file protein39.cif (mmCIF, C-alpha atoms)
data_query
loop_
_atom_site.label_atom_id
_atom_site.label_comp_id
_atom_site.auth_asym_id
_atom_site.auth_seq_id
_atom_site.Cartn_x
_atom_site.Cartn_y
_atom_site.Cartn_z
CA VAL I 222 0.00 0.00 0.00
CA SER I 223 1.30 3.45 -0.95
CA PHE I 224 -0.19 6.94 -1.08
CA ALA I 225 -0.27 9.98 -3.35
CA ARG I 226 -1.50 13.53 -2.94
CA GLY I 227 -2.58 16.23 -5.34
CA TYR I 228 -0.85 16.19 -8.72
CA GLN I 229 1.04 13.04 -7.69
CA VAL I 230 -2.20 11.14 -8.35
CA LYS I 231 -2.13 12.20 -12.01
CA ASN I 232 1.53 11.22 -12.30
CA LEU I 233 0.85 7.86 -10.67
CA ILE I 234 -1.93 6.98 -13.12
CA ALA I 235 0.19 8.22 -16.03
CA TYR I 236 3.00 5.91 -14.90
CA LEU I 237 0.68 2.91 -14.46
CA THR I 238 -0.82 3.38 -17.93
CA ARG I 239 2.61 3.58 -19.52
CA VAL I 240 3.49 1.67 -22.70
CA ASN I 241 3.74 -2.07 -22.09
CA GLN I 242 7.15 -2.82 -23.56
CA GLU I 243 6.61 -6.58 -23.73
CA GLU I 244 3.41 -6.46 -25.76
CA GLU I 245 4.01 -3.08 -27.43
CA LYS I 246 0.67 -1.66 -26.41
CA GLN I 247 -0.66 0.94 -24.00
CA VAL I 248 -2.66 0.07 -20.91
CA ASP I 249 -6.14 1.47 -20.28
CA ALA I 250 -7.65 2.33 -16.91
CA GLU I 251 -11.09 1.15 -15.82
CA ASP I 252 -13.05 3.19 -13.27
CA GLU I 253 -15.57 2.06 -10.63
CA ASN I 254 -18.42 2.29 -13.15
CA GLY I 255 -16.69 0.04 -15.67
CA VAL I 256 -15.83 2.95 -17.99
CA LEU I 257 -12.53 2.49 -19.85
CA HIS I 258 -10.16 5.47 -20.09
CA HIS I 259 -7.62 5.26 -22.92
CA SER I 260 -4.07 5.22 -21.64
CA SER I 261 -3.08 8.52 -23.23
CA LEU I 262 -6.05 10.29 -21.61
CA ALA I 263 -6.60 8.24 -18.45
CA ASP I 264 -4.42 10.30 -16.13
CA ALA I 265 -6.07 13.60 -17.12
CA GLU I 266 -9.62 12.23 -17.16
CA VAL I 267 -9.38 10.52 -13.78
CA TYR I 268 -7.46 13.38 -12.16
CA ASN I 269 -9.90 16.02 -13.43
CA ASP I 270 -12.78 14.01 -12.02
CA TRP I 271 -11.09 13.52 -8.65
CA LYS I 272 -9.22 16.77 -8.00
CA LYS I 273 -12.30 18.55 -6.64
CA ASP I 274 -12.24 16.01 -3.79
CA PHE I 275 -8.67 16.81 -2.80
CA VAL I 276 -8.44 18.98 0.30
CA ARG I 277 -5.06 20.72 0.13
CA LYS I 278 -4.92 22.25 3.61
CA LYS I 279 -3.68 19.96 6.36
CA LYS I 280 -5.54 19.67 9.64
CA ALA I 281 -4.49 21.78 12.61
CA ASN I 282 -3.12 18.84 14.59
CA SER I 283 -1.62 17.01 11.60
CA LYS I 284 2.11 16.91 10.92
CA ARG I 285 1.78 16.07 7.21
CA PRO I 286 -0.35 17.22 4.28
CA PRO I 287 -3.49 15.15 3.60
CA ARG I 288 -3.31 12.03 1.46
CA HIS I 289 -5.70 11.90 -1.47
CA ALA I 290 -5.27 8.50 -3.11
CA MET I 291 -4.24 5.00 -2.10
CA HIS I 292 -2.40 2.58 -4.37
CA LEU I 293 -2.83 -1.19 -3.96
CA LEU I 294 -1.62 -4.17 -5.96
CA PHE I 295 -3.60 -7.36 -6.67
CA SER I 296 -1.47 -10.19 -8.03
CA ALA I 297 -2.14 -13.81 -8.99
CA ALA I 298 0.52 -16.50 -8.88
CA GLY I 299 -0.65 -18.19 -12.09
CA ALA I 300 1.22 -18.19 -15.37
CA ASN I 301 1.09 -14.97 -17.35
CA THR I 302 -1.39 -15.97 -20.04
CA PRO I 303 -4.26 -13.94 -21.57
CA GLU I 304 -6.76 -16.24 -19.83
CA ASN I 305 -5.16 -15.82 -16.40
CA ALA I 306 -4.86 -12.07 -16.94
CA ARG I 307 -8.60 -11.91 -17.67
CA LYS I 308 -9.38 -13.96 -14.56
CA THR I 309 -7.09 -11.82 -12.40
CA LEU I 310 -8.77 -8.65 -13.66
CA ASN I 311 -12.23 -10.12 -12.97
CA ALA I 312 -11.23 -11.05 -9.41
CA ALA I 313 -9.67 -7.62 -8.79
CA ARG I 314 -12.73 -5.88 -10.25
CA LYS I 315 -15.13 -7.79 -7.99
CA THR I 316 -12.92 -7.19 -4.94
CA ALA I 317 -12.78 -3.46 -5.66
CA GLU I 318 -16.56 -3.36 -6.06
CA GLU I 319 -17.08 -5.09 -2.69
CA CYS I 320 -14.43 -3.21 -0.74
CA PHE I 321 -14.57 0.26 -2.30
CA ARG I 322 -17.45 1.05 -4.66
CA GLU I 323 -20.15 -0.34 -2.36
CA LYS I 324 -18.68 1.74 0.46
CA GLY I 325 -18.65 4.99 -1.54
CA TYR I 326 -15.13 5.25 -3.00
CA LYS I 327 -14.00 5.92 -6.58
CA TYR I 328 -11.09 4.02 -8.07
CA ALA I 329 -9.21 3.10 -11.24
CA LEU I 330 -8.08 -0.41 -12.21
CA ILE I 331 -5.02 -0.94 -14.42
CA LEU I 332 -4.08 -4.45 -15.59
CA HIS I 333 -0.39 -5.21 -16.15
CA THR I 334 0.95 -8.29 -17.93
CA ASP I 335 4.57 -7.22 -18.30
CA THR I 336 5.96 -9.36 -15.46
CA GLN I 337 6.01 -13.05 -14.57
CA HIS I 338 2.49 -12.95 -13.11
CA PRO I 339 -0.56 -10.91 -14.19
CA HIS I 340 -1.42 -8.20 -11.68
CA VAL I 341 -3.82 -5.29 -11.27
CA HIS I 342 -2.98 -1.88 -9.85
CA VAL I 343 -5.83 -0.17 -8.00
CA VAL I 344 -5.73 3.56 -7.29
CA VAL I 345 -8.48 4.59 -4.85
CA ASN I 346 -9.79 8.10 -4.21
CA MET I 347 -9.74 8.24 -0.40
CA LYS I 348 -12.66 10.66 -0.10
CA ASN I 349 -16.07 9.07 0.40
CA ILE I 350 -18.70 10.30 -2.07
CA ASN I 351 -21.52 9.65 0.42
CA ASP I 352 -19.93 11.19 3.49
CA GLU I 353 -17.54 14.12 3.06
CA GLN I 354 -16.18 13.68 6.58
CA LYS I 355 -15.33 10.01 6.03
CA LYS I 356 -11.93 9.12 4.62
CA LEU I 357 -10.64 5.73 3.57
CA LYS I 358 -8.46 4.12 6.23
CA LEU I 359 -6.96 0.67 5.89
CA ASN I 360 -5.37 -0.90 8.96
CA LYS I 361 -4.09 -4.48 9.13
CA PRO I 362 -7.55 -6.06 9.70
CA GLU I 363 -9.05 -4.19 6.72
CA ILE I 364 -6.09 -5.08 4.51
CA PHE I 365 -6.40 -8.75 5.43
CA GLU I 366 -10.13 -8.63 4.67
CA ILE I 367 -9.34 -7.25 1.19
CA ARG I 368 -6.72 -9.97 0.62
CA TYR I 369 -9.19 -12.62 1.81
CA LYS I 370 -11.91 -11.39 -0.56
CA PHE I 371 -9.45 -11.27 -3.44
CA ALA I 372 -8.39 -14.86 -2.73
CA GLU I 373 -12.06 -15.92 -2.69
CA ASN I 374 -12.72 -14.16 -5.99
CA LEU I 375 -9.63 -15.76 -7.55
CA ASN I 376 -10.89 -19.16 -6.42
CA GLN I 377 -14.18 -18.47 -8.17
CA GLN I 378 -12.12 -17.86 -11.33
CA ASP I 379 -10.34 -21.23 -10.85
CA LEU I 380 -7.11 -19.51 -9.81
CA TYR I 381 -6.80 -21.10 -6.39
CA HIS I 382 -5.33 -18.90 -3.66
CA ILE I 383 -5.30 -18.75 0.13
CA ALA I 384 -4.98 -15.52 2.11
CA THR I 385 -2.54 -16.00 4.99
CA LEU I 386 -1.24 -13.82 7.78
CA LYS I 387 2.41 -12.87 7.52
CA HIS I 388 3.44 -14.83 10.63
CA ASP I 389 1.81 -17.99 9.21
CA ARG I 390 3.93 -18.02 6.06
CA PRO I 391 6.78 -20.59 6.01
CA ALA I 392 9.37 -18.03 4.92
CA PHE I 393 8.45 -15.75 7.83
CA VAL I 394 8.59 -18.64 10.35
CA VAL I 395 12.05 -19.66 9.11
CA LYS I 396 13.20 -16.04 9.28
CA ALA I 397 11.87 -15.68 12.83
CA ILE I 398 13.60 -18.88 13.97
CA ASN I 399 16.89 -17.82 12.39
CA GLY I 400 16.53 -14.35 13.89
CA LYS I 401 15.98 -15.80 17.35
CA ALA I 402 19.07 -17.95 16.96
CA VAL I 403 21.14 -14.89 16.00
CA VAL I 404 19.86 -12.94 19.03
CA MET I 405 20.62 -15.83 21.39
CA GLU I 406 24.10 -16.17 19.90
CA LYS I 407 24.78 -12.46 20.45
CA ASN I 408 23.47 -12.64 24.02
CA ASN I 409 25.70 -15.62 24.78
CA TRP I 410 28.68 -13.83 23.24
CA PHE I 411 28.00 -10.73 25.36
CA ALA I 412 27.67 -12.81 28.54
CA SER I 413 30.94 -14.61 27.82
CA LYS I 414 32.70 -11.27 27.35
CA LEU I 415 31.39 -10.05 30.68
CA LYS I 416 32.62 -13.18 32.40
CA THR I 417 36.12 -12.78 31.00
CA ARG I 418 36.37 -9.04 31.69
CA SER I 419 34.60 -8.76 35.04
CA SER I 420 35.64 -10.71 38.08
CA ASN I 421 32.38 -9.70 39.78
CA PHE I 422 30.15 -11.14 37.05
CA GLU I 423 29.07 -14.16 39.12
CA ASN I 424 28.30 -11.90 42.10
CA LEU I 425 26.21 -9.65 39.87
CA GLU I 426 24.24 -12.63 38.59
CA ALA I 427 23.66 -13.82 42.16
CA LYS I 428 22.39 -10.38 43.18
CA LYS I 429 20.03 -10.34 40.21
CA ASN I 430 18.64 -13.75 41.17
CA VAL I 431 18.07 -12.61 44.76
CA SER I 432 16.34 -9.43 43.53
CA ARG I 433 14.06 -11.46 41.27
CA ALA I 434 13.18 -13.81 44.14
CA VAL I 435 12.41 -10.89 46.50
CA PHE I 436 10.26 -9.21 43.85
CA LYS I 437 8.25 -12.41 43.27
CA PHE I 438 7.80 -12.93 47.03
CA ARG I 439 6.58 -9.35 47.55
CA LYS I 440 4.17 -9.69 44.66
CA LYS I 441 2.77 -12.94 46.05
CA LEU I 442 2.58 -11.48 49.57
CA LYS I 443 0.65 -8.46 48.30
CA LYS I 444 -1.78 -10.73 46.46
CA GLU I 445 -2.30 -12.97 49.49
CA THR I 446 -2.81 -9.95 51.76
CA ARG I 447 -5.46 -8.59 49.40
CA GLU I 448 -7.21 -11.97 49.25
CA ALA I 449 -7.11 -12.25 53.05
CA GLY I 450 -8.92 -8.93 53.25
CA THR I 451 -11.73 -10.27 51.06
CA GLY I 452 -12.07 -13.49 53.10
CA LYS I 453 -10.35 -15.79 50.64
CA LYS I 454 -8.16 -18.59 51.95
CA SER I 455 -4.43 -17.86 51.92
CA THR I 456 -1.90 -20.28 50.40
CA LEU I 457 1.07 -18.92 52.35
#
call {"tool": "encode", "arguments": {"input": "protein39.cif", "output": "structure tokens"}}
result
Amino acid sequence: VSFARGYQVKNLIAYLTRVNQEEEKQVDAEDENGVLHHSSLADAEVYNDWKKDFVRKKKANSKRPPRHAMHLLFSAAGANTPENARKTLNAARKTAEECFREKGYKYALILHTDTQHPHVHVVVNMKNINDEQKKLKLNKPEIFEIRYKFAENLNQQDLYHIATLKHDRPAFVVKAINGKAVVMEKNNWFASKLKTRSSNFENLEAKKNVSRAVFKFRKKLKKETREAGTGKKSTL
């Protein structure tokens, strides 16, 4: 997910509808109503329709200027064939309808087939057409919901996908395990250095253990005293 503001929105759409070098053709943009905008005109047409929604002045308590558009990418892992590109676009279109159009947001879809997998760029106008005070906000739960809907819509197109959380992915688990091993190795190295350079290291460790034991005892004593005051049976 990335963002654009003001004239950057026009530049973003112009970039996304650039000439497709692989197939030697330009890429059109499709809006939320299914209207196609020719690549050479798409940036101007979409921007001219949206720019009246762009509030330039930042809020009093805000540190940054307002964001006007959100850029998302929908990608399918299938082979880059015309059939899979059509299915990917259909799935992205339905997802955008469910997650944005039905909730009052304008957007533009741009299909790309110039990489290994077909993918669709979605640029969303963050201002709600039904409620001027409402602005599009996507946190992790909303993003996962969009990914889940996209996976469902791909499955309906016979491009089978599963939406997973980042920490459930095998690559992330392996990275986390390796990272933990690195941290433990550094901690062990640091402890060994302390032992070799400080003759009082063992005494310091002993003091820490005593402090931890005293802290746990005080915490338990406080709990048992509170329970005694309420008539509960003490375990001390």
call {"tool": "closest_residue", "arguments": {"input": "protein39.cif", "among": "I:Gln354, I:Thr238, I:Asn232, I:Thr302", "to": "Tyr268 of chain I", "atoms": "only C-alpha atoms"}}
result
I:Asn232
call {"tool": "resolve_selection", "arguments": {"input": "protein39.cif", "expression": "the PyMOL selection byres ((chain I and resi 289) around 10)", "output": "ChimeraX atom specification"}}
result
/I:224-230,271-272,274-277,286-288,290-291,345-348,356-357
call {"tool": "closest_residue", "arguments": {"input": "protein39.cif", "among": "I:Lys444, I:Arg322, I:Arg285, I:Lys358", "to": "Val222 of chain I", "atoms": "only C-alpha atoms"}}
result
I:Lys358
call {"tool": "atom_distance", "arguments": {"input": "protein39.cif", "atom1": "atom CA of Asp252 of chain I", "atom2": "atom CA of Asp270 of chain I"}}
result
10.9 Å
call {"tool": "atom_distance", "arguments": {"input": "protein39.cif", "atom1": "atom CA of Asp264 of chain I", "atom2": "atom CA of Ala235 of chain I"}}
result
5.1 Å
call {"tool": "resolve_selection", "arguments": {"input": "protein39.cif", "expression": "the PyMOL selection byres ((chain I and resi 309) around 7)", "output": "ChimeraX atom specification"}}
result
/I:297,305-308,310-313,339-340,375
call {"tool": "residues_around", "arguments": {"input": "protein39.cif", "residues": "Leu257 of chain I", "least_positions_apart": "5", "cutoff": "10 Å", "atoms": "all atoms listed in the file", "output": "mmCIF file with C-alpha atoms, in the coordinates of the input"}}
result
data_model
loop_
_atom_site.group_PDB
_atom_site.id
_atom_site.type_symbol
_atom_site.label_atom_id
_atom_site.label_comp_id
_atom_site.auth_asym_id
_atom_site.auth_seq_id
_atom_site.Cartn_x
_atom_site.Cartn_y
_atom_site.Cartn_z
ATOM 1 C CA ASP I 249 -6.140 1.470 -20.280
ATOM 2 C CA ALA I 250 -7.650 2.330 -16.910
ATOM 3 C CA GLU I 251 -11.090 1.150 -15.820
ATOM 4 C CA ASP I 252 -13.050 3.190 -13.270
ATOM 5 C CA ALA I 263 -6.600 8.240 -18.450
ATOM 6 C CA ALA I 329 -9.210 3.100 -11.240
ATOM 7 C CA LEU I 330 -8.080 -0.410 -12.210
ATOM 8 C CA ILE I 331 -5.020 -0.940 -14.420
#
call {"tool": "closest_residue", "arguments": {"input": "protein39.cif", "among": "I:Lys284, I:Lys278, I:His292, I:Lys370", "to": "Val341 of chain I", "atoms": "all atoms listed in the file"}}
result
I:His292
call {"tool": "atom_distance", "arguments": {"input": "protein39.cif", "atom1": "atom CA of Glu353 of chain I", "atom2": "atom CA of Ile367 of chain I"}}
result
23.0 Å
call {"tool": "axis_aligned_box", "arguments": {"input": "protein39.cif", "around": "segment 294-299 of chain I", "padding_each_side": "3 Å", "output": "lines of an AutoDock Vina configuration file"}}
result
center_x = -1.5
center_y = -11.2
center_z = -9.0
size_x = 10.1
size_y = 20.0
size_z = 12.1
call {"tool": "resolve_selection", "arguments": {"input": "protein39.cif", "expression": "the PyMOL selection byres ((chain I and resi 380-383) around 8)", "output": "VMD selection string"}}
result
chain I and resid 297 299 305 308 369 372 to 373 375 to 379 384 to 385
call {"tool": "closest_residue", "arguments": {"input": "protein39.cif", "among": "I:Phe438, I:Ile234, I:Phe371, I:Glu406", "to": "His258 of chain I", "atoms": "all atoms listed in the file"}}
result
I:Ile234
call {"tool": "closest_residue", "arguments": {"input": "protein39.cif", "among": "I:Ser296, I:Thr316, I:Gln247, I:Asn430", "to": "Ser260 of chain I", "atoms": "all atoms listed in the file"}}
result
I:Gln247
